[in-house]
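J.: To be precise about what I am sending: the file is called protein_16.cif and holds mmCIF, C-alpha atoms.
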data_protein
#
loop_
_atom_site.group_PDB
_atom_site.id
_atom_site.type_symbol
_atom_site.label_atom_id
_atom_site.label_comp_id
_atom_site.auth_asym_id
_atom_site.auth_seq_id
_atom_site.Cartn_x
_atom_site.Cartn_y
_atom_site.Cartn_z
ATOM 1 C CA LYS A 1 -20.892 -0.515 -0.349
ATOM 2 C CA ALA A 2 -18.978 2.142 -2.248
ATOM 3 C CA GLY A 3 -15.214 1.888 -2.249
ATOM 4 C CA VAL A 4 -12.617 4.557 -1.612
ATOM 5 C CA THR A 5 -13.105 7.456 -3.990
ATOM 6 C CA GLN A 6 -10.296 9.750 -5.001
ATOM 7 C CA THR A 7 -10.605 12.940 -7.004
ATOM 8 C CA PRO A 8 -9.333 14.071 -9.359
ATOM 9 C CA ARG A 9 -8.055 10.950 -11.088
ATOM 10 C CA TYR A 10 -5.621 12.797 -13.288
ATOM 11 C CA LEU A 11 -4.165 16.260 -13.143
ATOM 12 C CA ILE A 12 -1.339 18.236 -14.646
ATOM 13 C CA LYS A 13 0.349 21.103 -12.846
ATOM 14 C CA THR A 14 3.432 23.212 -13.395
ATOM 15 C CA ARG A 15 6.345 23.704 -11.050
ATOM 16 C CA GLY A 16 5.631 26.091 -8.206
ATOM 17 C CA GLN A 17 1.889 25.535 -8.215
ATOM 18 C CA GLN A 18 0.008 23.794 -5.475
ATOM 19 C CA VAL A 19 -2.452 20.934 -5.621
ATOM 20 C CA THR A 20 -5.185 19.523 -3.404
ATOM 21 C CA LEU A 21 -6.288 15.905 -3.660
ATOM 22 C CA SER A 22 -9.442 14.528 -2.118
ATOM 23 C CA CYS A 23 -10.331 11.153 -0.687
ATOM 24 C CA SER A 24 -13.661 9.790 0.481
ATOM 25 C CA PRO A 25 -13.225 6.629 2.544
ATOM 26 C CA ILE A 26 -15.506 3.656 2.721
ATOM 27 C CA SER A 27 -18.546 4.500 4.796
ATOM 28 C CA GLY A 28 -17.829 3.882 8.467
ATOM 29 C CA HIS A 29 -14.063 3.881 8.066
ATOM 30 C CA ARG A 30 -12.365 6.447 10.263
ATOM 31 C CA SER A 31 -8.728 5.809 9.379
ATOM 32 C CA VAL A 32 -7.401 7.348 6.182
ATOM 33 C CA SER A 33 -3.826 6.935 4.974
ATOM 34 C CA TRP A 34 -1.999 8.482 2.030
ATOM 35 C CA TYR A 35 0.809 6.907 0.026
ATOM 36 C CA GLN A 36 2.939 8.146 -2.831
ATOM 37 C CA GLN A 37 3.831 5.684 -5.572
ATOM 38 C CA THR A 38 6.647 6.384 -8.025
ATOM 39 C CA PRO A 39 8.703 4.086 -10.266
ATOM 40 C CA GLY A 40 11.911 5.054 -8.492
ATOM 41 C CA GLN A 41 10.900 5.135 -4.836
ATOM 42 C CA GLY A 42 8.013 2.695 -4.889
ATOM 43 C CA LEU A 43 5.249 3.060 -2.327
ATOM 44 C CA GLN A 44 6.001 5.503 0.451
ATOM 45 C CA PHE A 45 3.829 6.404 3.412
ATOM 46 C CA LEU A 46 2.821 10.050 3.620
ATOM 47 C CA PHE A 47 0.485 10.300 6.600
ATOM 48 C CA GLU A 48 -2.438 8.727 8.410
ATOM 49 C CA TYR A 49 -5.442 10.386 9.968
ATOM 50 C CA PHE A 50 -7.907 9.009 12.441
ATOM 51 C CA SER A 51 -10.831 10.981 13.811
ATOM 52 C CA GLU A 52 -9.429 14.213 12.374
ATOM 53 C CA THR A 53 -6.039 13.719 14.067
ATOM 54 C CA GLN A 54 -2.798 12.977 12.285
ATOM 55 C CA ARG A 55 -1.455 9.784 13.807
ATOM 56 C CA ASN A 56 1.736 9.310 11.843
ATOM 57 C CA LYS A 57 3.707 11.170 9.224
ATOM 58 C CA GLY A 58 6.194 9.804 6.755
ATOM 59 C CA ASN A 59 9.522 11.277 5.778
ATOM 60 C CA PHE A 60 8.297 13.990 3.430
ATOM 61 C CA PRO A 61 9.003 17.714 3.458
ATOM 62 C CA GLY A 62 6.593 20.168 4.980
ATOM 63 C CA ARG A 63 5.241 21.001 1.525
ATOM 64 C CA PHE A 64 3.128 17.889 1.923
ATOM 65 C CA SER A 65 0.230 18.319 4.293
ATOM 66 C CA GLY A 66 -3.136 16.815 4.917
ATOM 67 C CA ARG A 67 -6.240 16.982 6.984
ATOM 68 C CA GLN A 68 -9.321 14.991 7.794
ATOM 69 C CA PHE A 69 -12.820 16.274 8.240
ATOM 70 C CA SER A 70 -15.484 15.215 10.716
ATOM 71 C CA ASN A 71 -17.097 12.980 8.069
ATOM 72 C CA SER A 72 -13.736 11.170 7.663
ATOM 73 C CA ARG A 73 -13.119 12.587 4.214
ATOM 74 C CA SER A 74 -9.515 13.604 3.774
ATOM 75 C CA GLU A 75 -7.518 15.979 1.650
ATOM 76 C CA MET A 76 -3.838 16.249 1.010
ATOM 77 C CA ASN A 77 -2.084 19.307 -0.274
ATOM 78 C CA VAL A 78 1.267 19.739 -1.943
ATOM 79 C CA SER A 79 2.578 23.257 -2.216
ATOM 80 C CA THR A 80 5.358 24.641 -4.406
ATOM 81 C CA LEU A 81 5.284 21.624 -6.682
ATOM 82 C CA GLU A 82 8.526 20.129 -7.941
ATOM 83 C CA LEU A 83 9.075 17.828 -10.907
ATOM 84 C CA GLY A 84 9.815 14.992 -8.476
ATOM 85 C CA ASP A 85 6.326 15.241 -7.030
ATOM 86 C CA SER A 86 4.952 13.588 -10.161
ATOM 87 C CA ALA A 87 3.459 10.373 -8.847
ATOM 88 C CA LEU A 88 0.374 8.315 -8.213
ATOM 89 C CA TYR A 89 -1.084 9.384 -4.882
ATOM 90 C CA LEU A 90 -3.046 6.619 -3.236
ATOM 91 C CA CYS A 91 -5.534 7.011 -0.450
ATOM 92 C CA ALA A 92 -6.527 4.071 1.717
ATOM 93 C CA SER A 93 -9.119 3.672 4.412
ATOM 94 C CA SER A 94 -9.411 1.147 7.182
ATOM 95 C CA GLY A 95 -12.275 0.100 9.372
ATOM 96 C CA GLY A 96 -10.023 -0.654 12.295
ATOM 97 C CA LEU A 97 -7.226 1.019 14.086
ATOM 98 C CA ASP A 98 -3.900 -0.699 13.643
ATOM 99 C CA THR A 99 -5.185 -3.583 11.516
ATOM 100 C CA GLY A 100 -3.026 -2.850 8.483
ATOM 101 C CA GLU A 101 -5.868 -4.014 6.261
ATOM 102 C CA LEU A 102 -6.161 -1.090 3.912
ATOM 103 C CA PHE A 103 -8.728 -0.483 1.199
ATOM 104 C CA PHE A 104 -7.137 1.604 -1.511
ATOM 105 C CA GLY A 105 -8.667 3.984 -3.984
ATOM 106 C CA GLU A 106 -7.574 4.017 -7.601
ATOM 107 C CA GLY A 107 -5.340 6.978 -7.013
ATOM 108 C CA SER A 108 -4.775 10.483 -8.294
ATOM 109 C CA ARG A 109 -2.081 10.666 -10.923
ATOM 110 C CA LEU A 110 -0.235 13.966 -10.683
ATOM 111 C CA THR A 111 2.066 15.139 -13.438
ATOM 112 C CA VAL A 112 4.241 18.173 -12.746
ATOM 113 C CA LEU A 113 5.660 19.943 -15.802
ATOM 114 C CA ALA B 1 13.958 1.237 10.928
ATOM 115 C CA GLN B 2 11.883 -1.453 9.319
ATOM 116 C CA SER B 3 12.382 -2.586 5.742
ATOM 117 C CA VAL B 4 11.022 -5.058 3.242
ATOM 118 C CA ALA B 5 12.887 -6.652 0.362
ATOM 119 C CA GLN B 6 11.416 -8.334 -2.669
ATOM 120 C CA PRO B 7 14.469 -9.727 -4.434
ATOM 121 C CA GLU B 8 12.778 -10.449 -7.771
ATOM 122 C CA ASP B 9 11.543 -7.667 -10.000
ATOM 123 C CA GLN B 10 9.640 -10.179 -12.094
ATOM 124 C CA VAL B 11 8.509 -13.763 -11.774
ATOM 125 C CA ASN B 12 7.428 -15.746 -14.825
ATOM 126 C CA VAL B 13 5.352 -18.884 -14.483
ATOM 127 C CA ALA B 14 3.233 -21.026 -16.768
ATOM 128 C CA GLU B 15 -0.482 -21.280 -16.116
ATOM 129 C CA GLY B 16 -1.267 -24.250 -13.907
ATOM 130 C CA ASN B 17 2.175 -24.308 -12.309
ATOM 131 C CA PRO B 18 2.813 -23.333 -8.697
ATOM 132 C CA LEU B 19 4.102 -19.834 -8.046
ATOM 133 C CA THR B 20 6.193 -18.234 -5.318
ATOM 134 C CA VAL B 21 6.842 -14.539 -4.824
ATOM 135 C CA LYS B 22 9.585 -13.905 -2.297
ATOM 136 C CA CYS B 23 9.684 -11.388 0.541
ATOM 137 C CA THR B 24 12.096 -10.822 3.400
ATOM 138 C CA TYR B 25 11.722 -8.252 6.123
ATOM 139 C CA SER B 26 13.652 -6.477 8.832
ATOM 140 C CA VAL B 27 11.839 -5.069 11.843
ATOM 141 C CA SER B 28 12.390 -4.744 15.557
ATOM 142 C CA GLY B 29 10.195 -7.118 17.480
ATOM 143 C CA ASN B 30 7.513 -9.288 15.943
ATOM 144 C CA PRO B 31 5.971 -7.934 12.781
ATOM 145 C CA TYR B 32 2.592 -7.711 11.186
ATOM 146 C CA LEU B 33 3.102 -8.842 7.575
ATOM 147 C CA PHE B 34 0.915 -8.272 4.546
ATOM 148 C CA TRP B 35 0.583 -9.000 0.854
ATOM 149 C CA TYR B 36 -1.186 -6.655 -1.522
ATOM 150 C CA VAL B 37 -1.807 -6.929 -5.270
ATOM 151 C CA GLN B 38 -2.080 -4.123 -7.801
ATOM 152 C CA TYR B 39 -3.700 -4.557 -11.181
ATOM 153 C CA PRO B 40 -2.909 -2.083 -14.000
ATOM 154 C CA ASN B 41 -4.163 1.442 -13.343
ATOM 155 C CA ARG B 42 -5.785 0.383 -10.101
ATOM 156 C CA GLY B 43 -5.142 0.810 -6.414
ATOM 157 C CA LEU B 44 -3.825 -1.957 -4.224
ATOM 158 C CA GLN B 45 -5.983 -4.814 -2.973
ATOM 159 C CA PHE B 46 -5.393 -6.627 0.299
ATOM 160 C CA LEU B 47 -4.591 -10.340 -0.114
ATOM 161 C CA LEU B 48 -3.626 -11.640 3.313
ATOM 162 C CA LYS B 49 -1.869 -10.871 6.567
ATOM 163 C CA TYR B 50 0.102 -12.544 9.316
ATOM 164 C CA ILE B 51 -0.093 -11.291 12.878
ATOM 165 C CA THR B 52 0.418 -14.316 15.048
ATOM 166 C CA GLY B 53 -0.407 -17.996 15.209
ATOM 167 C CA ASP B 54 -0.168 -20.499 12.356
ATOM 168 C CA ASN B 55 2.788 -19.785 10.099
ATOM 169 C CA LEU B 56 0.757 -20.629 6.997
ATOM 170 C CA VAL B 57 -1.764 -17.930 6.223
ATOM 171 C CA LYS B 58 -4.515 -18.331 3.644
ATOM 172 C CA GLY B 59 -5.904 -15.375 1.768
ATOM 173 C CA SER B 60 -7.965 -14.260 -1.182
ATOM 174 C CA TYR B 61 -8.014 -15.852 -4.652
ATOM 175 C CA GLY B 62 -6.309 -19.065 -3.475
ATOM 176 C CA PHE B 63 -3.128 -17.346 -2.320
ATOM 177 C CA GLU B 64 -1.297 -18.295 0.830
ATOM 178 C CA ALA B 65 1.875 -17.140 2.526
ATOM 179 C CA GLU B 66 4.341 -18.806 4.843
ATOM 180 C CA PHE B 67 5.878 -16.906 7.725
ATOM 181 C CA ASN B 68 9.393 -18.031 8.647
ATOM 182 C CA LYS B 69 10.759 -16.206 11.643
ATOM 183 C CA SER B 70 14.269 -17.652 11.510
ATOM 184 C CA GLN B 71 14.679 -16.611 7.877
ATOM 185 C CA THR B 72 12.672 -13.400 8.332
ATOM 186 C CA SER B 73 10.683 -14.312 5.250
ATOM 187 C CA PHE B 74 7.050 -14.180 4.208
ATOM 188 C CA HIS B 75 6.806 -15.734 0.753
ATOM 189 C CA LEU B 76 3.563 -15.653 -1.209
ATOM 190 C CA LYS B 77 2.473 -18.892 -2.837
ATOM 191 C CA LYS B 78 -0.276 -20.371 -4.962
ATOM 192 C CA PRO B 79 -0.521 -24.033 -5.972
ATOM 193 C CA SER B 80 -1.797 -23.382 -9.492
ATOM 194 C CA ALA B 81 -1.305 -20.050 -11.246
ATOM 195 C CA LEU B 82 -3.925 -18.407 -13.465
ATOM 196 C CA VAL B 83 -3.324 -15.930 -16.278
ATOM 197 C CA SER B 84 -5.557 -13.539 -14.352
ATOM 198 C CA ASP B 85 -3.048 -13.605 -11.469
ATOM 199 C CA SER B 86 -0.691 -11.502 -13.586
ATOM 200 C CA ALA B 87 -0.210 -8.289 -11.630
ATOM 201 C CA LEU B 88 2.172 -6.385 -9.355
ATOM 202 C CA TYR B 89 2.546 -7.859 -5.883
ATOM 203 C CA PHE B 90 3.691 -5.966 -2.819
ATOM 204 C CA CYS B 91 4.849 -7.285 0.519
ATOM 205 C CA ALA B 92 4.469 -4.936 3.481
ATOM 206 C CA VAL B 93 5.283 -4.799 7.169
ATOM 207 C CA ARG B 94 3.849 -2.885 10.073
ATOM 208 C CA ASP B 95 5.894 -2.581 13.196
ATOM 209 C CA LYS B 96 4.200 -3.645 16.389
ATOM 210 C CA PHE B 97 5.241 -0.579 18.333
ATOM 211 C CA ASN B 98 2.499 1.456 19.909
ATOM 212 C CA ASN B 99 0.923 4.092 17.723
ATOM 213 C CA ALA B 100 2.167 2.554 14.473
ATOM 214 C CA GLY B 101 -1.411 2.787 13.293
ATOM 215 C CA ASN B 102 -1.903 1.678 9.734
ATOM 216 C CA MET B 103 1.517 2.892 8.616
ATOM 217 C CA LEU B 104 2.981 0.225 6.367
ATOM 218 C CA THR B 105 6.424 -0.124 4.824
ATOM 219 C CA PHE B 106 6.182 -1.694 1.383
ATOM 220 C CA GLY B 107 8.673 -3.671 -0.638
ATOM 221 C CA GLY B 108 9.540 -2.594 -4.140
ATOM 222 C CA GLY B 109 7.044 -4.928 -5.734
ATOM 223 C CA THR B 110 7.318 -8.034 -7.902
ATOM 224 C CA ARG B 111 5.642 -8.288 -11.266
ATOM 225 C CA LEU B 112 4.065 -11.696 -11.763
ATOM 226 C CA MET B 113 3.593 -12.823 -15.350
ATOM 227 C CA VAL B 114 1.554 -15.970 -15.886
ATOM 228 C CA LYS B 115 1.694 -17.277 -19.429
ATOM 229 C CA PRO B 116 -0.940 -19.536 -20.986
#
Mind turning the file's structure into structure tokens?

T.:
Amino acid sequence: KAGVTQTPRYLIKTRGQQVTLSCSPISGHRSVSWYQQTPGQGLQFLFEYFSETQRNKGNFPGRFSGRQFSNSRSEMNVSTLELGDSALYLCASSGGLDTGELFFGEGSRLTVL
Amino acid sequence: AQSVAQPEDQVNVAEGNPLTVKCTYSVSGNPYLFWYVQYPNRGLQFLLKYITGDNLVKGSYGFEAEFNKSQTSFHLKKPSALVSDSALYFCAVRDKFNNAGNMLTFGGGTRLMVKP
């Protein structure tokens, strides 16, 4: 069974640009969550989607957005990039609602110059 | 608001010795508690969780964790450490309120170094 796949793995952007990250969950998983990991702030919850609906959203500005498609694949978008957006963005899928047992991808490492 | 504290940035232990990685939490009501491990340049892997029942929870790779409600702690333990256990360990909590979904609050992480 394939794991959670995130693309791209690495990317470099400049301030003001926008970026879209993609996540393919484990087959059959309908819950997809996104987390931001930085050395200073640690792991912070961005949002969770289930059956194409956003269930929860973390404390991030509106520049951070996401969506989920009917096949459970998810994308997140960050517009007007800032230097502080440099981070490892982790996607996680779950086979159950509310289990907390998350299967993480290897992440997309974003560097903003 | 819920929070998780991991008071040690790093724990050093010799191979074969027991290890403990500490975690305390603050949450309204009864929590769901989790431990995850992150190896270099990888995503997180689920180790174990506590929802209810026995305070001692057993998980993957020989790890276990003890839930202590009075001390609001959920320490991760292993009787005999391996060099391959060296990694970054995260404690996490999910509030039991309705619609919390899979939204977890993570601690800052503890780096475990096991020396041969």

J.: I'd like the contact shell of Asn55 (chain B) - 8 Å cut-off, all atoms listed in the file, skipping same-chain residues fewer than 6 positions apart - returned as a ChimeraX atom specification.

T.: /B:66-68

J.: Exactly which residues make up the result of the PyMOL selection byres ((chain A) within 10 of (chain B)) on this file, given as a ChimeraX atom specification?

T.: /A:4,31-35,39-50,55-58,88-94,96-109

J.: Point out the residue among A:Gln37, A:Ser27, A:Gln18, A:Gln54 with the least atom-to-atom distance to Ser72 (chain A), counting only C-alpha atoms.

T.: A:Ser27

J.: Would you translate the PyMOL selection byres ((chain A and resi 6) around 6) into the concrete set of residues it matches in this file, as an NGL selection string?

T.: :A and (5 or 7 or 22-23)

J.: Quick one: pull the distance between CA of Pro7 (chain B) and CA of Leu110 (chain A), Å, one decimal.

T.: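 Computed distance, CA of Pro7 (chain B) to CA of Leu110 (chain A), equals 28.6 Å.
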
J.: Quick one: distance from CA of Ala87 (chain B) to CA of Asn12 (chain B) in Å, one decimal?

T.: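 Taking CA of Ala87 (chain B) and CA of Asn12 (chain B), their separation equals 11.1 Å.
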
J.: Around the point (15.4, -5.4, 19.7) in the file's coordinates, collect all residues with an atom within 12 Å, using only C-alpha atoms, and return them as a list in words.

T.: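 Protein, DNA and RNA residues close to (15.4, -5.4, 19.7): Ala1, Gln2, Ser26, Val27, Ser28, Gly29, Asn30, Pro31, Asp95, Lys96 and Phe97 of chain B.
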
J.: Just how far from CA of Glu82 (chain A) is CA of Thr14 (chain A), in Å to one decimal?

T.: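 A separation of 8.1 Å between them.
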
J.: To verify the selection step, state as a list of chain:residue names which residues the PyMOL selection byres ((chain B and resi 86) around 6) yields on this input.

T.: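 When the PyMOL selection byres ((chain B and resi 86) around 6) is applied to the shown file, the picked residues are B:Val83, B:Ser84, B:Asp85, B:Ala87, B:Leu112, B:Met113, B:Val114.
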
J.: Restricted to C-alpha atoms, what would the selected residues look like written as a PDB file, in the coordinates of the input?

T.:
ATOM      1  CA  VAL B  83      -3.324 -15.930 -16.278  1.00  0.00           C
ATOM      2  CA  SER B  84      -5.557 -13.539 -14.352  1.00  0.00           C
ATOM      3  CA  ASP B  85      -3.048 -13.605 -11.469  1.00  0.00           C
ATOM      4  CA  ALA B  87      -0.210  -8.289 -11.630  1.00  0.00           C
ATOM      5  CA  LEU B 112       4.065 -11.696 -11.763  1.00  0.00           C
ATOM      6  CA  MET B 113       3.593 -12.823 -15.350  1.00  0.00           C
ATOM      7  CA  VAL B 114       1.554 -15.970 -15.886  1.00  0.00           C
TER       8      VAL B 114
END

J.: Around all of region 51-62 of chain A's listed atoms, make the axis-aligned box with 6 Å on each side and tell me centre and edge lengths in Å to one decimal, as lines of an AutoDock Vina configuration file.

T.:
center_x = -0.7
center_y = 14.7
center_z = 8.7
size_x = 32.4
size_y = 22.9
size_z = 22.6

J.: What lies within 7 Å of Phe64 (chain A) using all atoms listed in the file, ignoring chain neighbours under 3 positions off, as a ChimeraX atom specification?

T.: /A:60-61,77-79

J.: May I ask which of the residues B:Val57, B:Val4, B:Tyr39, B:Tyr25 is the closest one to Arg111 (chain B), counting only C-alpha atoms?

T.: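 Selected residue with least distance to Arg111 (chain B): B:Tyr39.
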